[in-house]
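Shown next: my_file04.cif, given as mmCIF, C-alpha atoms and all ligand atoms; chains and numbers go by the auth columns.
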data_final
#
loop_
_atom_site.group_PDB
_atom_site.id
_atom_site.type_symbol
_atom_site.label_atom_id
_atom_site.label_comp_id
_atom_site.label_asym_id
_atom_site.label_seq_id
_atom_site.Cartn_x
_atom_site.Cartn_y
_atom_site.Cartn_z
_atom_site.B_iso_or_equiv
_atom_site.auth_seq_id
_atom_site.auth_asym_id
ATOM 1 C CA MET A 1 23.446 63.957 -8.437 0.00 116 A
ATOM 2 C CA GLU A 2 20.883 61.198 -8.023 0.00 117 A
ATOM 3 C CA MET A 3 22.041 57.807 -9.262 0.00 118 A
ATOM 4 C CA VAL A 4 19.385 55.828 -11.077 0.00 119 A
ATOM 5 C CA ALA A 5 20.068 52.106 -11.051 0.00 120 A
ATOM 6 C CA ALA A 6 19.604 50.416 -14.404 0.00 121 A
ATOM 7 C CA PRO A 7 16.597 48.089 -14.300 0.00 122 A
ATOM 8 C CA ILE A 8 17.602 44.459 -13.973 0.00 123 A
ATOM 9 C CA SER A 9 16.027 42.546 -16.789 0.00 124 A
ATOM 10 C CA LYS A 10 14.032 39.450 -15.818 0.00 125 A
ATOM 11 C CA SER A 11 11.941 37.064 -17.832 0.00 126 A
ATOM 12 C CA ASN A 12 9.744 34.048 -17.179 0.00 127 A
ATOM 13 C CA GLN A 13 10.645 32.518 -20.537 0.00 128 A
ATOM 14 C CA VAL A 14 13.492 30.257 -21.524 0.00 129 A
ATOM 15 C CA GLU A 15 15.520 32.580 -23.767 0.00 130 A
ATOM 16 C CA TYR A 16 17.405 29.827 -25.605 0.00 131 A
ATOM 17 C CA PRO A 17 16.691 26.111 -25.922 0.00 132 A
ATOM 18 C CA VAL A 18 17.618 23.878 -22.968 0.00 133 A
ATOM 19 C CA ALA A 19 16.978 20.200 -22.250 0.00 134 A
ATOM 20 C CA ASP A 20 13.356 19.498 -21.284 0.00 135 A
ATOM 21 C CA ILE A 21 14.495 18.146 -17.933 0.00 136 A
ATOM 22 C CA ILE A 22 16.010 21.518 -17.032 0.00 137 A
ATOM 23 C CA GLU A 23 12.933 23.401 -18.174 0.00 138 A
ATOM 24 C CA ASN A 24 10.615 21.018 -16.302 0.00 139 A
ATOM 25 C CA ARG A 25 12.421 21.022 -12.949 0.00 140 A
ATOM 26 C CA ARG A 26 10.824 23.237 -10.378 0.00 141 A
ATOM 27 C CA SER A 27 10.507 23.557 -6.608 0.00 142 A
ATOM 28 C CA ARG A 28 6.874 22.747 -5.897 0.00 143 A
ATOM 29 C CA ARG A 29 5.221 22.769 -2.493 0.00 144 A
ATOM 30 C CA ALA A 30 2.237 20.473 -3.138 0.00 145 A
ATOM 31 C CA TYR A 31 2.978 16.761 -2.734 0.00 146 A
ATOM 32 C CA ALA A 32 0.937 13.655 -3.502 0.00 147 A
ATOM 33 C CA ALA A 33 0.666 11.167 -0.627 0.00 148 A
ATOM 34 C CA GLN A 34 2.021 8.424 -2.898 0.00 149 A
ATOM 35 C CA PRO A 35 5.213 6.949 -1.429 0.00 150 A
ATOM 36 C CA ILE A 36 8.391 6.881 -3.523 0.00 151 A
ATOM 37 C CA GLU A 37 9.541 3.495 -4.729 0.00 152 A
ATOM 38 C CA PRO A 38 12.714 2.440 -2.833 0.00 153 A
ATOM 39 C CA GLU A 39 14.675 1.852 -6.046 0.00 154 A
ATOM 40 C CA LYS A 40 13.891 5.423 -7.142 0.00 155 A
ATOM 41 C CA ILE A 41 15.319 6.703 -3.872 0.00 156 A
ATOM 42 C CA LYS A 42 18.466 4.722 -4.660 0.00 157 A
ATOM 43 C CA SER A 43 18.572 6.319 -8.125 0.00 158 A
ATOM 44 C CA LEU A 44 18.476 9.800 -6.584 0.00 159 A
ATOM 45 C CA PHE A 45 21.573 9.066 -4.514 0.00 160 A
ATOM 46 C CA GLU A 46 23.189 7.327 -7.479 0.00 161 A
ATOM 47 C CA ALA A 47 22.861 10.555 -9.484 0.00 162 A
ATOM 48 C CA ALA A 48 24.538 12.433 -6.632 0.00 163 A
ATOM 49 C CA ARG A 49 27.260 9.795 -6.545 0.00 164 A
ATOM 50 C CA TRP A 50 28.288 10.562 -10.116 0.00 165 A
ATOM 51 C CA ALA A 51 28.612 14.303 -9.623 0.00 166 A
ATOM 52 C CA PRO A 52 31.968 15.916 -10.378 0.00 167 A
ATOM 53 C CA SER A 53 33.992 17.124 -7.392 0.00 168 A
ATOM 54 C CA SER A 54 37.257 18.844 -6.724 0.00 169 A
ATOM 55 C CA MET A 55 40.038 16.203 -6.634 0.00 170 A
ATOM 56 C CA ASN A 56 37.236 13.619 -6.747 0.00 171 A
ATOM 57 C CA GLU A 57 36.802 14.133 -2.984 0.00 172 A
ATOM 58 C CA GLN A 58 33.022 13.480 -3.132 0.00 173 A
ATOM 59 C CA PRO A 59 32.429 15.489 0.056 0.00 174 A
ATOM 60 C CA TRP A 60 28.637 15.008 0.093 0.00 175 A
ATOM 61 C CA ALA A 61 26.696 12.871 2.561 0.00 176 A
ATOM 62 C CA TYR A 62 22.967 12.389 3.100 0.00 177 A
ATOM 63 C CA ILE A 63 20.616 11.434 5.925 0.00 178 A
ATOM 64 C CA TYR A 64 17.195 10.490 4.577 0.00 179 A
ATOM 65 C CA ALA A 65 13.936 9.243 5.987 0.00 180 A
ATOM 66 C CA THR A 66 10.635 8.210 4.443 0.00 181 A
ATOM 67 C CA LYS A 67 7.305 8.668 6.190 0.00 182 A
ATOM 68 C CA ASP A 68 7.272 5.006 7.173 0.00 183 A
ATOM 69 C CA GLN A 69 10.266 5.705 9.455 0.00 184 A
ATOM 70 C CA PRO A 70 8.396 8.186 11.675 0.00 185 A
ATOM 71 C CA ASP A 71 11.116 8.657 14.312 0.00 186 A
ATOM 72 C CA LEU A 72 13.789 9.765 11.853 0.00 187 A
ATOM 73 C CA TRP A 73 11.329 11.501 9.507 0.00 188 A
ATOM 74 C CA ASN A 74 9.976 13.563 12.440 0.00 189 A
ATOM 75 C CA LYS A 75 13.505 14.531 13.446 0.00 190 A
ATOM 76 C CA LEU A 76 14.039 15.896 9.942 0.00 191 A
ATOM 77 C CA VAL A 77 10.698 17.710 9.718 0.00 192 A
ATOM 78 C CA ASP A 78 11.289 19.232 13.163 0.00 193 A
ATOM 79 C CA LEU A 79 14.426 20.979 11.828 0.00 194 A
ATOM 80 C CA LEU A 80 12.418 23.098 9.418 0.00 195 A
ATOM 81 C CA ASN A 81 11.356 26.687 9.898 0.00 196 A
ATOM 82 C CA GLU A 82 7.609 26.935 10.387 0.00 197 A
ATOM 83 C CA SER A 83 7.139 28.511 6.928 0.00 198 A
ATOM 84 C CA ASN A 84 8.712 25.432 5.345 0.00 199 A
ATOM 85 C CA ARG A 85 7.280 22.836 7.721 0.00 200 A
ATOM 86 C CA VAL A 86 3.657 23.694 6.852 0.00 201 A
ATOM 87 C CA TRP A 87 4.020 22.266 3.352 0.00 202 A
ATOM 88 C CA ALA A 88 7.118 20.033 3.601 0.00 203 A
ATOM 89 C CA LEU A 89 5.405 17.757 6.125 0.00 204 A
ATOM 90 C CA ASN A 90 3.386 16.368 3.211 0.00 205 A
ATOM 91 C CA ALA A 91 6.504 15.142 1.416 0.00 206 A
ATOM 92 C CA PRO A 92 6.996 11.379 1.724 0.00 207 A
ATOM 93 C CA LEU A 93 10.795 11.732 1.649 0.00 208 A
ATOM 94 C CA LEU A 94 13.041 14.194 3.472 0.00 209 A
ATOM 95 C CA ILE A 95 16.782 14.391 2.967 0.00 210 A
ATOM 96 C CA LEU A 96 19.385 16.353 4.888 0.00 211 A
ATOM 97 C CA SER A 97 22.368 17.095 2.681 0.00 212 A
ATOM 98 C CA LEU A 98 25.729 17.336 4.458 0.00 213 A
ATOM 99 C CA SER A 99 29.200 18.299 3.393 0.00 214 A
ATOM 100 C CA ARG A 100 32.493 16.857 4.696 0.00 215 A
ATOM 101 C CA LYS A 101 34.599 19.869 5.582 0.00 216 A
ATOM 102 C CA ALA A 102 38.124 18.483 5.206 0.00 217 A
ATOM 103 C CA HIS A 103 39.926 16.537 2.498 0.00 218 A
ATOM 104 C CA LEU A 104 39.995 12.808 3.270 0.00 219 A
ATOM 105 C CA ARG A 105 43.503 12.589 1.802 0.00 220 A
ATOM 106 C CA ASN A 106 45.248 15.023 4.163 0.00 221 A
ATOM 107 C CA GLY A 107 42.744 16.575 6.578 0.00 222 A
ATOM 108 C CA ALA A 108 43.179 20.068 5.094 0.00 223 A
ATOM 109 C CA ASN A 109 40.126 22.299 4.768 0.00 224 A
ATOM 110 C CA ASN A 110 38.269 21.647 1.517 0.00 225 A
ATOM 111 C CA ALA A 111 37.288 25.103 0.307 0.00 226 A
ATOM 112 C CA LEU A 112 35.161 23.589 -2.475 0.00 227 A
ATOM 113 C CA ALA A 113 33.241 21.056 -0.363 0.00 228 A
ATOM 114 C CA ARG A 114 29.980 23.039 -0.303 0.00 229 A
ATOM 115 C CA TYR A 115 30.296 23.769 -4.011 0.00 230 A
ATOM 116 C CA ASP A 116 30.677 20.056 -4.760 0.00 231 A
ATOM 117 C CA THR A 117 27.793 19.143 -2.466 0.00 232 A
ATOM 118 C CA GLY A 118 25.638 21.634 -4.376 0.00 233 A
ATOM 119 C CA SER A 119 26.648 19.923 -7.629 0.00 234 A
ATOM 120 C CA ALA A 120 25.603 16.563 -6.222 0.00 235 A
ATOM 121 C CA ASN A 121 22.283 18.045 -5.078 0.00 236 A
ATOM 122 C CA ALA A 122 21.722 19.536 -8.526 0.00 237 A
ATOM 123 C CA LEU A 123 22.218 16.138 -10.168 0.00 238 A
ATOM 124 C CA LEU A 124 19.942 14.541 -7.569 0.00 239 A
ATOM 125 C CA SER A 125 17.282 17.139 -8.422 0.00 240 A
ATOM 126 C CA ILE A 126 17.598 16.524 -12.145 0.00 241 A
ATOM 127 C CA GLN A 127 17.386 12.739 -11.635 0.00 242 A
ATOM 128 C CA ALA A 128 14.259 13.328 -9.544 0.00 243 A
ATOM 129 C CA THR A 129 12.715 15.312 -12.419 0.00 244 A
ATOM 130 C CA GLU A 130 13.495 12.430 -14.776 0.00 245 A
ATOM 131 C CA LEU A 131 11.612 10.105 -12.380 0.00 246 A
ATOM 132 C CA GLY A 132 8.597 12.432 -12.184 0.00 247 A
ATOM 133 C CA LEU A 133 9.508 13.549 -8.658 0.00 248 A
ATOM 134 C CA ASN A 134 9.659 17.043 -7.243 0.00 249 A
ATOM 135 C CA VAL A 135 12.605 18.228 -5.135 0.00 250 A
ATOM 136 C CA HIS A 136 12.297 21.363 -3.033 0.00 251 A
ATOM 137 C CA GLN A 137 15.549 22.384 -1.366 0.00 252 A
ATOM 138 C CA MET A 138 15.364 24.394 1.840 0.00 253 A
ATOM 139 C CA GLY A 139 17.935 26.555 3.575 0.00 254 A
ATOM 140 C CA GLY A 140 15.310 27.552 6.133 0.00 255 A
ATOM 141 C CA TYR A 141 16.004 25.107 8.945 0.00 256 A
ATOM 142 C CA ASP A 142 17.859 24.977 12.266 0.00 257 A
ATOM 143 C CA ARG A 143 21.439 23.833 11.615 0.00 258 A
ATOM 144 C CA GLN A 144 22.410 23.509 15.261 0.00 259 A
ATOM 145 C CA LYS A 145 19.315 21.436 15.944 0.00 260 A
ATOM 146 C CA ALA A 146 20.297 19.177 13.028 0.00 261 A
ATOM 147 C CA ILE A 147 23.765 18.688 14.515 0.00 262 A
ATOM 148 C CA ASP A 148 22.323 17.931 17.965 0.00 263 A
ATOM 149 C CA SER A 149 19.346 15.768 17.085 0.00 264 A
ATOM 150 C CA LEU A 150 21.138 13.707 14.425 0.00 265 A
ATOM 151 C CA ASN A 151 24.525 13.454 16.209 0.00 266 A
ATOM 152 C CA ILE A 152 26.315 14.953 13.231 0.00 267 A
ATOM 153 C CA PRO A 153 30.071 14.694 13.789 0.00 268 A
ATOM 154 C CA GLU A 154 32.330 17.772 13.652 0.00 269 A
ATOM 155 C CA ALA A 155 33.732 16.574 10.318 0.00 270 A
ATOM 156 C CA PHE A 156 30.445 17.382 8.567 0.00 271 A
ATOM 157 C CA GLU A 157 28.255 20.438 8.194 0.00 272 A
ATOM 158 C CA PRO A 158 24.553 20.480 7.273 0.00 273 A
ATOM 159 C CA ILE A 159 23.836 22.179 3.940 0.00 274 A
ATOM 160 C CA VAL A 160 20.145 21.927 2.923 0.00 275 A
ATOM 161 C CA VAL A 161 17.058 19.872 3.670 0.00 276 A
ATOM 162 C CA MET A 162 15.208 18.557 0.629 0.00 277 A
ATOM 163 C CA ALA A 163 11.526 17.662 0.499 0.00 278 A
ATOM 164 C CA ILE A 164 10.826 15.096 -2.216 0.00 279 A
ATOM 165 C CA GLY A 165 7.698 13.463 -3.570 0.00 280 A
ATOM 166 C CA TYR A 166 5.386 13.171 -6.528 0.00 281 A
ATOM 167 C CA PRO A 167 3.731 16.498 -7.378 0.00 282 A
ATOM 168 C CA GLY A 168 0.364 16.988 -5.680 0.00 283 A
ATOM 169 C CA ASP A 169 -2.695 19.132 -6.226 0.00 284 A
ATOM 170 C CA PRO A 170 -1.996 22.858 -5.654 0.00 285 A
ATOM 171 C CA GLU A 171 -5.592 23.098 -4.362 0.00 286 A
ATOM 172 C CA SER A 172 -4.350 21.247 -1.259 0.00 287 A
ATOM 173 C CA LEU A 173 -2.242 24.299 -0.319 0.00 288 A
ATOM 174 C CA SER A 174 -3.274 27.399 1.582 0.00 289 A
ATOM 175 C CA GLU A 175 -4.366 30.306 -0.627 0.00 290 A
ATOM 176 C CA ASN A 176 -1.062 32.094 -0.103 0.00 291 A
ATOM 177 C CA LEU A 177 1.070 29.063 -0.997 0.00 292 A
ATOM 178 C CA LYS A 178 -1.177 28.194 -3.927 0.00 293 A
ATOM 179 C CA LEU A 179 -0.544 31.623 -5.422 0.00 294 A
ATOM 180 C CA ARG A 180 3.212 31.104 -5.065 0.00 295 A
ATOM 181 C CA GLU A 181 2.915 27.616 -6.558 0.00 296 A
ATOM 182 C CA GLU A 182 1.141 28.919 -9.631 0.00 297 A
ATOM 183 C CA ALA A 183 3.065 32.161 -10.075 0.00 298 A
ATOM 184 C CA PRO A 184 5.304 32.406 -13.147 0.00 299 A
ATOM 185 C CA ARG A 185 8.944 31.653 -12.381 0.00 300 A
ATOM 186 C CA GLU A 186 11.288 34.497 -13.176 0.00 301 A
ATOM 187 C CA ARG A 187 14.973 34.565 -13.918 0.00 302 A
ATOM 188 C CA TYR A 188 17.449 37.332 -14.633 0.00 303 A
ATOM 189 C CA THR A 189 18.207 37.409 -18.325 0.00 304 A
ATOM 190 C CA GLN A 190 21.654 36.343 -19.478 0.00 305 A
ATOM 191 C CA GLU A 191 22.774 39.939 -20.001 0.00 306 A
ATOM 192 C CA PHE A 192 22.722 40.325 -16.191 0.00 307 A
ATOM 193 C CA PHE A 193 25.175 37.535 -15.397 0.00 308 A
ATOM 194 C CA VAL A 194 27.099 36.537 -18.535 0.00 309 A
ATOM 195 C CA MET A 195 30.045 38.631 -19.693 0.00 310 A
ATOM 196 C CA ASN A 196 32.137 38.378 -22.767 0.00 311 A
ATOM 197 C CA LYS A 197 34.460 41.136 -21.513 0.00 312 A
ATOM 198 C CA SER A 198 36.219 42.061 -18.291 0.00 313 A
ATOM 199 C CA PHE A 199 34.309 43.815 -15.462 0.00 314 A
HETATM 200 C C1 LIG B . 20.040 26.452 -1.337 0.00 401 B
HETATM 201 C C2 LIG B . 18.549 26.679 -1.502 0.00 401 B
HETATM 202 C C3 LIG B . 17.789 27.049 -0.406 0.00 401 B
HETATM 203 C C4 LIG B . 16.412 27.233 -0.535 0.00 401 B
HETATM 204 N N1 LIG B . 15.659 27.485 0.574 0.00 401 B
HETATM 205 C C5 LIG B . 14.311 27.519 0.481 0.00 401 B
HETATM 206 C C6 LIG B . 13.505 27.599 1.651 0.00 401 B
HETATM 207 O O1 LIG B . 13.983 27.616 2.802 0.00 401 B
HETATM 208 N N2 LIG B . 12.153 27.655 1.494 0.00 401 B
HETATM 209 C C7 LIG B . 11.565 27.621 0.256 0.00 401 B
HETATM 210 O O2 LIG B . 10.335 27.644 0.173 0.00 401 B
HETATM 211 N N3 LIG B . 12.314 27.493 -0.881 0.00 401 B
HETATM 212 C C8 LIG B . 13.658 27.444 -0.792 0.00 401 B
HETATM 213 N N4 LIG B . 14.421 27.269 -1.928 0.00 401 B
HETATM 214 C C9 LIG B . 13.777 27.177 -3.249 0.00 401 B
HETATM 215 C C10 LIG B . 13.978 28.447 -4.077 0.00 401 B
HETATM 216 O O3 LIG B . 13.151 29.466 -3.573 0.00 401 B
HETATM 217 C C11 LIG B . 13.679 28.131 -5.545 0.00 401 B
HETATM 218 O O4 LIG B . 14.633 27.237 -6.038 0.00 401 B
HETATM 219 C C12 LIG B . 13.680 29.385 -6.425 0.00 401 B
HETATM 220 O O5 LIG B . 12.621 30.233 -6.053 0.00 401 B
HETATM 221 C C13 LIG B . 13.536 29.073 -7.899 0.00 401 B
HETATM 222 O O6 LIG B . 12.378 28.312 -8.126 0.00 401 B
HETATM 223 P P1 LIG B . 12.467 26.921 -8.888 0.00 401 B
HETATM 224 O O7 LIG B . 13.391 25.999 -8.109 0.00 401 B
HETATM 225 O O8 LIG B . 11.048 26.378 -8.936 0.00 401 B
HETATM 226 O O9 LIG B . 13.022 27.177 -10.254 0.00 401 B
HETATM 227 C C14 LIG B . 15.791 27.094 -1.809 0.00 401 B
HETATM 228 C C15 LIG B . 16.576 26.729 -2.914 0.00 401 B
HETATM 229 C C16 LIG B . 17.920 26.511 -2.770 0.00 401 B
HETATM 230 C C17 LIG B . 18.741 26.073 -3.968 0.00 401 B
#

What does this structure look like when you write it as structure tokens?
Ligand SMILES: Cc1cc2nc3c(=O)[nH]c(=O)nc-3n(C[C@H](O)[C@H](O)[C@H](O)COP(=O)(O)O)c2cc1C
Amino acid sequence: MEMVAAPISKSNQVEYPVADIIENRRSRRAYAAQPIEPEKIKSLFEAARWAPSSMNEQPWAYIYATKDQPDLWNKLVDLLNESNRVWALNAPLLILSLSRKAHLRNGANNALARYDTGSANALLSIQATELGLNVHQMGGYDRQKAIDSLNIPEAFEPIVVMAIGYPGDPESLSENLKLREEAPRERYTQEFFVMNKSF
């Protein structure tokens, strides 16, 4: 008998009210050339600093560079897959997010380190939205190259690269990227991932 999978319901609308800052956050690819004020960069990391973490381990770490530090900035942009580099090289700020693998208190593996680093990155992204900045996280980069070119010690692992800047004109993008930039954003509806019963 042929199995027919139930269609997965998606929508490009917010189904229930959320804070404007959540609705307004999005991962754009067009960046303005305008540099980011240094105190705003500090605020991004401050938001990460106040993220919750398992046993308050705070396993996140960041390497960042602005375009006026070309040596370090180029090292970060060179990590990216070509499909990301084409647009991310217009971002005035690049950040590599790292996670400390072991607990500081006893050296045991911290199974929740990546989870906590993701929380910190989420708060950083929300703070960026509050400041009018766009964050685009990228998993498409060369992790081994990051370890080698940035001398990352064994205690840490690279998680994502983030391209950050003020939103730019989508017309500055290639036709293909412009279409993606302007396409409606879709999400699975809550019925797909929220349960009020056992599996
Ligand atoms: C961990 C992670 C890795 C991602 N990697 C990439 C990437 O390599 N390239 C890219 O263009 N977008 C990447 N994204 C962005 C997602 O595609 C994007 O968040 C998703 O399509 C939802 O769009 P929105 O952030 O605008 O709501 C990544 C996002 C996350 C959280």

Reference answer for the PyMOL selection byres (((not hetatm)) within 7 of (chain B and resi 401)), as a ChimeraX atom specification
/A:140-143,199,251-256,275,300

Write out the residues from the selection above, keeping C-alpha atoms, as a PDB file, keeping the file's coordinate frame.
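And here's result-v7.pdb as it stands now:
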ATOM      1  CA  ARG A 140      12.421  21.022 -12.949  1.00  0.00           C
ATOM      2  CA  ARG A 141      10.824  23.237 -10.378  1.00  0.00           C
ATOM      3  CA  SER A 142      10.507  23.557  -6.608  1.00  0.00           C
ATOM      4  CA  ARG A 143       6.874  22.747  -5.897  1.00  0.00           C
ATOM      5  CA  ASN A 199       8.712  25.432   5.345  1.00  0.00           C
ATOM      6  CA  HIS A 251      12.297  21.363  -3.033  1.00  0.00           C
ATOM      7  CA  GLN A 252      15.549  22.384  -1.366  1.00  0.00           C
ATOM      8  CA  MET A 253      15.364  24.394   1.840  1.00  0.00           C
ATOM      9  CA  GLY A 254      17.935  26.555   3.575  1.00  0.00           C
ATOM     10  CA  GLY A 255      15.310  27.552   6.133  1.00  0.00           C
ATOM     11  CA  TYR A 256      16.004  25.107   8.945  1.00  0.00           C
ATOM     12  CA  VAL A 275      20.145  21.927   2.923  1.00  0.00           C
ATOM     13  CA  ARG A 300       8.944  31.653 -12.381  1.00  0.00           C
TER      14      ARG A 300
END

What's around A:Arg200 at 10 Å? Count all atoms listed in the file, leave out sequence neighbours fewer than 5 positions away in its own chain, and write the answer as number ranges by chain.
A: 191-195, 205-206, 255-256, 278

Show me a table, sorted first by chain and then by increasing residue number, of the residues of stretch 250-296 of chain A having an atom at most 12 Å from stretch 169-190 of chain A, each with its shortest atom pair and the distance in Å to one decimal, counting only C-alpha atoms and written as a Markdown table.
| residue | atom | partner | partner_atom | distance |
| --- | --- | --- | --- | --- |
| A:Tyr256 | CA | A:Lys190 | CA | 11.8 |
| A:Asp257 | CA | A:Lys190 | CA | 11.4 |
| A:Lys260 | CA | A:Lys190 | CA | 9.4 |
| A:Ala261 | CA | A:Lys190 | CA | 8.2 |
| A:Ile262 | CA | A:Lys190 | CA | 11.1 |
| A:Asp263 | CA | A:Lys190 | CA | 10.5 |
| A:Ser264 | CA | A:Lys190 | CA | 7.0 |
| A:Leu265 | CA | A:Lys190 | CA | 7.7 |
| A:Asn266 | CA | A:Ile178 | CA | 11.2 |
| A:Ile267 | CA | A:Ile178 | CA | 9.9 |
| A:Pro268 | CA | A:Ala176 | CA | 11.9 |
| A:Ala270 | CA | A:Pro174 | CA | 10.4 |
| A:Phe271 | CA | A:Ala176 | CA | 8.4 |
| A:Glu272 | CA | A:Ala176 | CA | 9.6 |
| A:Pro273 | CA | A:Ala176 | CA | 9.2 |
| A:Ile274 | CA | A:Trp175 | CA | 9.4 |
| A:Val275 | CA | A:Tyr177 | CA | 9.9 |
| A:Val276 | CA | A:Tyr179 | CA | 9.4 |
| A:Met277 | CA | A:Tyr179 | CA | 9.2 |
| A:Ala278 | CA | A:Tyr179 | CA | 10.0 |
| A:Ile279 | CA | A:Thr181 | CA | 9.6 |
| A:Gly280 | CA | A:Thr181 | CA | 10.0 |

Draw an axis-aligned box over all listed atoms of stretch 194-211 of chain A, pad each side with 4 Å, and write its centre and edge lengths in Å, one decimal, as AutoDock Vina command-line options.
--center_x 11.4 --center_y 19.9 --center_z 6.6 --size_x 24.0 --size_y 25.1 --size_z 18.4

Taking 6 positions as the minimum chain separation for residues in the same chain, which residues sit within 12 Å of A:Glu297 when counting only C-alpha atoms? Answer as a PyMOL selection string.
chain A and resi 141-145+284-286+288+290-291

Could you please take those selected residues and save C-alpha atoms as a compact mmCIF listing (two decimals), in the frame of the given file?
# COMPACT_ATOMS: atom_id res chain seq x y z
CA ARG A 141 10.82 23.24 -10.38
CA SER A 142 10.51 23.56 -6.61
CA ARG A 143 6.87 22.75 -5.90
CA ARG A 144 5.22 22.77 -2.49
CA ALA A 145 2.24 20.47 -3.14
CA ASP A 284 -2.70 19.13 -6.23
CA PRO A 285 -2.00 22.86 -5.65
CA GLU A 286 -5.59 23.10 -4.36
CA LEU A 288 -2.24 24.30 -0.32
CA GLU A 290 -4.37 30.31 -0.63
CA ASN A 291 -1.06 32.09 -0.10

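The gap separating atom CA of A:Tyr281 from atom CA of A:Asn249 is 5.8 Å, in Å to one decimal.
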
Do you have the atom CA of A:Pro299-atom CA of A:Ser240 distance handy?
20.0 Å

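In this model, the gap between atom CA of A:Leu246 and atom CA of A:Asn139 comes to 11.6 Å.
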